[in-house]
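Engineer: My questions will all concern the structure given below.
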Amino acid sequence: MLTGGIRAWRAAGFAVATDDVIPEPGDVVLDEIGRDALSIDEAAAFPASGVLLDVRAPERYRGDTEPLDPIAGHIPGARNLPTLRHLDAEGGILDRDTVLATFAEVGVNPGTPVAAYCGSGVTAAHTALILHEVGIDAKVFPGSWSQWSNTPGRPVATGDQPG
């Protein structure tokens, strides 16, 4: 993970290759998605025992708009805390105290069980990384809103409250 992303890399004066790169083989072994990932049923039940974060933009959480999926809204019981609230204008993670205060606004404190989802799982993983950086473990629902909204019979909440 690159703090501040490619913009920070370039701003620091580091080179960016544009030619074809053939990396050296590595020795990383990846495990299957496991204990830190929630199934759709685990995501549904999570608000009863912890804080389920919807990290999408507020208008998507409320159900005002849904540009990608067939249904607008959020998983009942989820609280909205957009990932961008943790980043500065350059894309870097805000200081630890600010990040902890922002999470505390929605009931996430050290020791609180927390899980995150977004539209497709990418920004939820980013939020889990930010939580890790401030000392809070988090789970991710990788199916996120795309899986939820495409699964017949799943309840949908709208508005600015968890529902």
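Following the order of the structure tokens, chains are lettered A, B, ..., residues in each are numbered from 1, and ligands are numbered from 1.
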Counting only C-alpha atoms, give me one row per residue of stretch 60-114 of chain A with an atom at most 10 Å from an atom of stretch 119-128 of chain A, showing the shortest contact pair and its distance in Å to one decimal, sorted by chain then residue number, as a tab-separated table.

Structural biologist:
residue	atom	partner	partner_atom	distance
A:Arg60	CA	A:Gly119	CA	9.1
A:Tyr61	CA	A:Gly119	CA	9.9
A:Glu66	CA	A:Gly119	CA	9.7
A:Leu68	CA	A:Gly119	CA	8.2
A:Asp69	CA	A:Gly119	CA	8.3
A:His74	CA	A:Gly119	CA	10.0
A:Leu81	CA	A:Thr127	CA	9.5
A:Pro82	CA	A:Thr127	CA	8.8
A:Thr83	CA	A:Thr127	CA	6.0
A:Leu84	CA	A:Thr127	CA	9.3
A:His86	CA	A:Thr127	CA	8.5
A:Val114	CA	A:Ala128	CA	9.0

Engineer: I need the residues from that last selection saved to file as an mmCIF file, in the first residue's frame (with all heavy atoms), if you can.

Structural biologist:
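For reference, selection.cif as written:
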data_model
loop_
_atom_site.group_PDB
_atom_site.id
_atom_site.type_symbol
_atom_site.label_atom_id
_atom_site.label_comp_id
_atom_site.auth_asym_id
_atom_site.auth_seq_id
_atom_site.Cartn_x
_atom_site.Cartn_y
_atom_site.Cartn_z
ATOM 1 N N ARG A 60 -25.698 7.392 -2.030
ATOM 2 C CA ARG A 60 -25.925 5.976 -2.345
ATOM 3 C C ARG A 60 -26.465 5.251 -1.118
ATOM 4 O O ARG A 60 -27.379 4.434 -1.233
ATOM 5 C CB ARG A 60 -24.639 5.320 -2.850
ATOM 6 C CG ARG A 60 -24.249 5.816 -4.244
ATOM 7 C CD ARG A 60 -23.038 5.117 -4.794
ATOM 8 N NE ARG A 60 -23.361 3.742 -5.181
ATOM 9 C CZ ARG A 60 -22.442 2.825 -5.470
ATOM 10 N NH1 ARG A 60 -21.155 3.129 -5.417
ATOM 11 N NH2 ARG A 60 -22.798 1.608 -5.808
ATOM 12 N N TYR A 61 -25.903 5.531 0.045
ATOM 13 C CA TYR A 61 -26.391 4.935 1.293
ATOM 14 C C TYR A 61 -27.868 5.255 1.500
ATOM 15 O O TYR A 61 -28.664 4.371 1.808
ATOM 16 C CB TYR A 61 -25.554 5.464 2.460
ATOM 17 C CG TYR A 61 -26.051 5.070 3.829
ATOM 18 C CD1 TYR A 61 -25.726 3.837 4.384
ATOM 19 C CD2 TYR A 61 -26.843 5.938 4.586
ATOM 20 C CE1 TYR A 61 -26.174 3.474 5.645
ATOM 21 C CE2 TYR A 61 -27.294 5.594 5.849
ATOM 22 C CZ TYR A 61 -26.959 4.351 6.371
ATOM 23 O OH TYR A 61 -27.406 3.998 7.619
ATOM 24 N N GLU A 66 -28.425 5.265 -7.401
ATOM 25 C CA GLU A 66 -27.631 4.044 -7.471
ATOM 26 C C GLU A 66 -27.184 3.860 -8.920
ATOM 27 O O GLU A 66 -27.945 3.358 -9.748
ATOM 28 C CB GLU A 66 -28.404 2.826 -6.977
ATOM 29 C CG GLU A 66 -27.598 1.543 -7.006
ATOM 30 C CD GLU A 66 -26.208 1.683 -6.433
ATOM 31 O OE1 GLU A 66 -26.077 2.006 -5.236
ATOM 32 O OE2 GLU A 66 -25.229 1.496 -7.179
ATOM 33 N N LEU A 68 -24.913 1.897 -10.253
ATOM 34 C CA LEU A 68 -24.359 0.622 -10.703
ATOM 35 C C LEU A 68 -25.256 -0.586 -10.478
ATOM 36 O O LEU A 68 -25.219 -1.538 -11.250
ATOM 37 C CB LEU A 68 -23.012 0.381 -10.020
ATOM 38 C CG LEU A 68 -21.962 1.468 -10.233
ATOM 39 C CD1 LEU A 68 -20.772 1.246 -9.328
ATOM 40 C CD2 LEU A 68 -21.549 1.533 -11.685
ATOM 41 N N ASP A 69 -26.011 -0.590 -9.419
ATOM 42 C CA ASP A 69 -26.758 -1.777 -9.030
ATOM 43 C C ASP A 69 -28.263 -1.584 -9.218
ATOM 44 O O ASP A 69 -28.740 -0.453 -9.340
ATOM 45 C CB ASP A 69 -26.417 -2.151 -7.584
ATOM 46 C CG ASP A 69 -24.975 -2.618 -7.460
ATOM 47 O OD1 ASP A 69 -24.603 -3.553 -8.200
ATOM 48 O OD2 ASP A 69 -24.223 -2.060 -6.648
ATOM 49 N N HIS A 74 -29.358 0.693 1.459
ATOM 50 C CA HIS A 74 -28.275 0.070 2.225
ATOM 51 C C HIS A 74 -28.780 -1.147 2.998
ATOM 52 O O HIS A 74 -29.993 -1.351 3.121
ATOM 53 C CB HIS A 74 -27.618 1.086 3.172
ATOM 54 C CG HIS A 74 -28.540 1.675 4.186
ATOM 55 N ND1 HIS A 74 -29.271 2.823 3.954
ATOM 56 C CD2 HIS A 74 -28.855 1.292 5.450
ATOM 57 C CE1 HIS A 74 -29.980 3.127 5.030
ATOM 58 N NE2 HIS A 74 -29.751 2.206 5.950
ATOM 59 N N LEU A 81 -20.401 5.766 6.791
ATOM 60 C CA LEU A 81 -19.176 6.519 7.046
ATOM 61 C C LEU A 81 -18.301 6.400 5.804
ATOM 62 O O LEU A 81 -17.516 5.462 5.664
ATOM 63 C CB LEU A 81 -18.436 5.997 8.283
ATOM 64 C CG LEU A 81 -17.207 6.802 8.697
ATOM 65 C CD1 LEU A 81 -17.579 8.240 9.048
ATOM 66 C CD2 LEU A 81 -16.500 6.135 9.853
ATOM 67 N N PRO A 82 -18.464 7.341 4.854
ATOM 68 C CA PRO A 82 -17.723 7.261 3.597
ATOM 69 C C PRO A 82 -16.210 7.224 3.801
ATOM 70 O O PRO A 82 -15.665 7.952 4.640
ATOM 71 C CB PRO A 82 -18.135 8.531 2.853
ATOM 72 C CG PRO A 82 -19.451 8.903 3.460
ATOM 73 C CD PRO A 82 -19.364 8.488 4.899
ATOM 74 N N THR A 83 -15.548 6.393 3.026
ATOM 75 C CA THR A 83 -14.103 6.235 3.111
ATOM 76 C C THR A 83 -13.371 7.568 2.975
ATOM 77 O O THR A 83 -12.357 7.793 3.642
ATOM 78 C CB THR A 83 -13.608 5.255 2.030
ATOM 79 O OG1 THR A 83 -14.160 3.975 2.321
ATOM 80 C CG2 THR A 83 -12.100 5.135 2.025
ATOM 81 N N LEU A 84 -13.865 8.448 2.136
ATOM 82 C CA LEU A 84 -13.171 9.721 1.903
ATOM 83 C C LEU A 84 -13.072 10.582 3.158
ATOM 84 O O LEU A 84 -12.230 11.479 3.215
ATOM 85 C CB LEU A 84 -13.855 10.496 0.774
ATOM 86 C CG LEU A 84 -13.774 9.835 -0.602
ATOM 87 C CD1 LEU A 84 -14.516 10.680 -1.638
ATOM 88 C CD2 LEU A 84 -12.334 9.597 -1.029
ATOM 89 N N HIS A 86 -11.705 9.824 5.764
ATOM 90 C CA HIS A 86 -10.448 9.497 6.429
ATOM 91 C C HIS A 86 -9.221 9.988 5.674
ATOM 92 O O HIS A 86 -8.101 9.734 6.089
ATOM 93 C CB HIS A 86 -10.325 7.983 6.625
ATOM 94 C CG HIS A 86 -11.565 7.361 7.161
ATOM 95 N ND1 HIS A 86 -12.088 7.697 8.382
ATOM 96 C CD2 HIS A 86 -12.408 6.464 6.623
ATOM 97 C CE1 HIS A 86 -13.202 7.018 8.579
ATOM 98 N NE2 HIS A 86 -13.413 6.273 7.531
ATOM 99 N N VAL A 114 -16.341 -4.612 14.215
ATOM 100 C CA VAL A 114 -16.684 -3.756 13.077
ATOM 101 C C VAL A 114 -16.436 -4.500 11.772
ATOM 102 O O VAL A 114 -15.506 -5.294 11.656
ATOM 103 C CB VAL A 114 -15.898 -2.422 13.127
ATOM 104 C CG1 VAL A 114 -14.403 -2.647 13.080
ATOM 105 C CG2 VAL A 114 -16.327 -1.467 12.028
#

Engineer: Could you name the residues that touch A:Arg79 at 9 Å or less, counting only C-alpha atoms, but leaving out those on the same chain fewer than 4 positions away, as a list in words?

Structural biologist: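 Listing them by chain and then by number gives Val51, Leu52, Leu53, Asp54, Val55, Tyr61, His74, Ile75, Val106, Asp160, Gln161 and Pro162 of chain A.
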
Engineer: DSSP on the backbone: which residues in chain A end up as strand (DSSP E or B)? Give the answer as a ChimeraX atom specification.

Structural biologist: /A:37,51-54,74,79-80,87,93,114-117,139-140,157

Engineer: Any chance you can output those residues with N, CA, C and O atoms as a short mmCIF file (atom, residue, chain, number, x, y, z; two decimals), in the first residue's frame?

Structural biologist:
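New file again_13.cif:
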data_model
loop_
_atom_site.label_atom_id
_atom_site.label_comp_id
_atom_site.auth_asym_id
_atom_site.auth_seq_id
_atom_site.Cartn_x
_atom_site.Cartn_y
_atom_site.Cartn_z
N ALA A 37 -13.44 -12.17 6.24
CA ALA A 37 -14.47 -11.86 5.24
C ALA A 37 -15.81 -12.38 5.73
O ALA A 37 -15.90 -13.46 6.32
N VAL A 51 -20.75 -3.05 14.66
CA VAL A 51 -21.06 -1.94 13.76
C VAL A 51 -20.73 -2.37 12.33
O VAL A 51 -19.59 -2.70 12.02
N LEU A 52 -21.76 -2.36 11.49
CA LEU A 52 -21.59 -2.62 10.06
C LEU A 52 -21.54 -1.27 9.36
O LEU A 52 -22.49 -0.50 9.43
N LEU A 53 -20.40 -0.99 8.73
CA LEU A 53 -20.20 0.29 8.05
C LEU A 53 -20.46 0.17 6.56
O LEU A 53 -19.91 -0.71 5.90
N ASP A 54 -21.29 1.07 6.05
CA ASP A 54 -21.45 1.25 4.61
C ASP A 54 -20.56 2.43 4.28
O ASP A 54 -20.80 3.55 4.74
N HIS A 74 -29.36 0.69 1.46
CA HIS A 74 -28.28 0.07 2.23
C HIS A 74 -28.78 -1.15 3.00
O HIS A 74 -29.99 -1.35 3.12
N ARG A 79 -24.39 1.55 9.20
CA ARG A 79 -24.17 2.98 9.45
C ARG A 79 -23.26 3.52 8.34
O ARG A 79 -22.35 2.84 7.90
N ASN A 80 -23.53 4.74 7.92
CA ASN A 80 -22.76 5.32 6.81
C ASN A 80 -21.57 6.11 7.32
O ASN A 80 -21.70 6.99 8.17
N LEU A 87 -9.45 10.68 4.56
CA LEU A 87 -8.35 11.06 3.69
C LEU A 87 -8.23 12.57 3.57
O LEU A 87 -9.22 13.30 3.60
N ILE A 93 -3.91 9.29 4.43
CA ILE A 93 -4.74 9.02 5.61
C ILE A 93 -4.53 10.15 6.61
O ILE A 93 -3.40 10.55 6.88
N VAL A 114 -16.34 -4.61 14.22
CA VAL A 114 -16.68 -3.76 13.08
C VAL A 114 -16.44 -4.50 11.77
O VAL A 114 -15.51 -5.29 11.66
N ALA A 115 -17.32 -4.24 10.82
CA ALA A 115 -17.18 -4.78 9.47
C ALA A 115 -17.57 -3.69 8.49
O ALA A 115 -18.31 -2.76 8.85
N ALA A 116 -17.07 -3.78 7.27
CA ALA A 116 -17.35 -2.76 6.27
C ALA A 116 -17.76 -3.40 4.95
O ALA A 116 -17.34 -4.50 4.61
N TYR A 117 -18.60 -2.65 4.23
CA TYR A 117 -18.92 -3.00 2.85
C TYR A 117 -19.05 -1.71 2.06
O TYR A 117 -19.14 -0.62 2.63
N LYS A 139 -13.61 -6.64 9.75
CA LYS A 139 -13.94 -7.64 8.74
C LYS A 139 -14.49 -6.89 7.53
O LYS A 139 -14.87 -5.73 7.62
N VAL A 140 -14.54 -7.59 6.40
CA VAL A 140 -15.06 -7.02 5.16
C VAL A 140 -16.11 -7.95 4.58
O VAL A 140 -15.94 -9.17 4.60
N ALA A 157 -32.85 -0.92 3.26
CA ALA A 157 -33.19 0.29 4.03
C ALA A 157 -32.82 1.51 3.19
O ALA A 157 -31.88 1.47 2.40
#

Engineer: May I ask for the distance between atom CA of A:Ala8 and atom CA of A:Glu133, given in Å to one decimal place?

Structural biologist: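 One can read the atom CA of A:Ala8 to atom CA of A:Glu133 distance as 18.3 Å.
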
Engineer: Where does DSSP see alpha helix (DSSP H) in stretch 34-161 of chain A, if you list the residues as a PDB file with C-alpha atoms, in the first residue's frame?

Structural biologist:
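Output below, filename states_6.pdb:
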ATOM      1  CA  ILE A  40     -23.951 -12.287   2.887  1.00  0.00           C
ATOM      2  CA  ASP A  41     -25.756 -13.927   5.820  1.00  0.00           C
ATOM      3  CA  GLU A  42     -23.028 -12.883   8.261  1.00  0.00           C
ATOM      4  CA  ALA A  43     -23.277  -9.312   6.958  1.00  0.00           C
ATOM      5  CA  ALA A  44     -27.048  -9.371   7.530  1.00  0.00           C
ATOM      6  CA  ALA A  45     -26.579 -10.488  11.140  1.00  0.00           C
ATOM      7  CA  PRO A  58     -24.091   9.318   1.483  1.00  0.00           C
ATOM      8  CA  GLU A  59     -26.424   9.650  -1.508  1.00  0.00           C
ATOM      9  CA  ARG A  60     -25.925   5.976  -2.345  1.00  0.00           C
ATOM     10  CA  TYR A  61     -26.391   4.935   1.293  1.00  0.00           C
ATOM     11  CA  ARG A  62     -29.629   6.938   1.550  1.00  0.00           C
ATOM     12  CA  ARG A  96      -4.651   8.851  13.980  1.00  0.00           C
ATOM     13  CA  ASP A  97      -6.629  11.013  16.436  1.00  0.00           C
ATOM     14  CA  THR A  98      -8.802  12.475  13.675  1.00  0.00           C
ATOM     15  CA  VAL A  99      -9.477   9.049  12.187  1.00  0.00           C
ATOM     16  CA  LEU A 100     -10.349   7.575  15.599  1.00  0.00           C
ATOM     17  CA  ALA A 101     -12.714  10.489  16.298  1.00  0.00           C
ATOM     18  CA  THR A 102     -14.446  10.012  12.955  1.00  0.00           C
ATOM     19  CA  PHE A 103     -14.984   6.312  13.588  1.00  0.00           C
ATOM     20  CA  ALA A 104     -16.207   7.064  17.130  1.00  0.00           C
ATOM     21  CA  VAL A 122     -12.700  -2.275  -2.896  1.00  0.00           C
ATOM     22  CA  THR A 123     -13.266   0.752  -0.651  1.00  0.00           C
ATOM     23  CA  ALA A 124     -14.432  -1.544   2.144  1.00  0.00           C
ATOM     24  CA  ALA A 125     -10.982  -3.162   2.047  1.00  0.00           C
ATOM     25  CA  HIS A 126      -9.454   0.329   2.103  1.00  0.00           C
ATOM     26  CA  THR A 127     -11.507   1.188   5.189  1.00  0.00           C
ATOM     27  CA  ALA A 128     -10.385  -2.056   6.863  1.00  0.00           C
ATOM     28  CA  LEU A 129      -6.785  -1.033   6.146  1.00  0.00           C
ATOM     29  CA  ILE A 130      -7.370   2.403   7.699  1.00  0.00           C
ATOM     30  CA  LEU A 131      -8.924   0.753  10.756  1.00  0.00           C
ATOM     31  CA  HIS A 132      -5.905  -1.545  11.001  1.00  0.00           C
ATOM     32  CA  GLU A 133      -3.592   1.474  10.840  1.00  0.00           C
ATOM     33  CA  SER A 144     -20.880  -5.669  -0.759  1.00  0.00           C
ATOM     34  CA  TRP A 145     -23.908  -3.806  -2.099  1.00  0.00           C
ATOM     35  CA  SER A 146     -23.583  -5.406  -5.536  1.00  0.00           C
ATOM     36  CA  GLN A 147     -24.169  -8.887  -4.118  1.00  0.00           C
ATOM     37  CA  TRP A 148     -26.807  -7.715  -1.628  1.00  0.00           C
ATOM     38  CA  SER A 149     -28.883  -5.756  -4.163  1.00  0.00           C
TER      39      SER A 149
END

Engineer: Could you check which of A:Asp88, A:Val21, A:Gly107, A:Pro70 is closest to A:Thr151, using only C-alpha atoms?

Structural biologist: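 Between A:Asp88, A:Val21, A:Gly107, A:Pro70, the residue approaching A:Thr151 most closely is A:Pro70.
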
Engineer: Would you mind reading off the distance between atom CA of A:Arg10 and atom CA of A:Glu90, one decimal, in Å?

Structural biologist: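 Between atom CA of A:Arg10 and atom CA of A:Glu90 the gap works out to 11.5 Å.
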
Engineer: Given the choices A:Gly77, A:Glu105, A:Ile71, A:Val134, which gets closest to A:Gly153 if the distance is worked out from only C-alpha atoms?

Structural biologist: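 Checking each candidate against A:Gly153, we get A:Ile71 as the closest.
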
Engineer: What is the atom CA of A:Gly5 to atom CA of A:Ala17 distance in Å?

Structural biologist: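 One can read the atom CA of A:Gly5 to atom CA of A:Ala17 distance as 15.2 Å.
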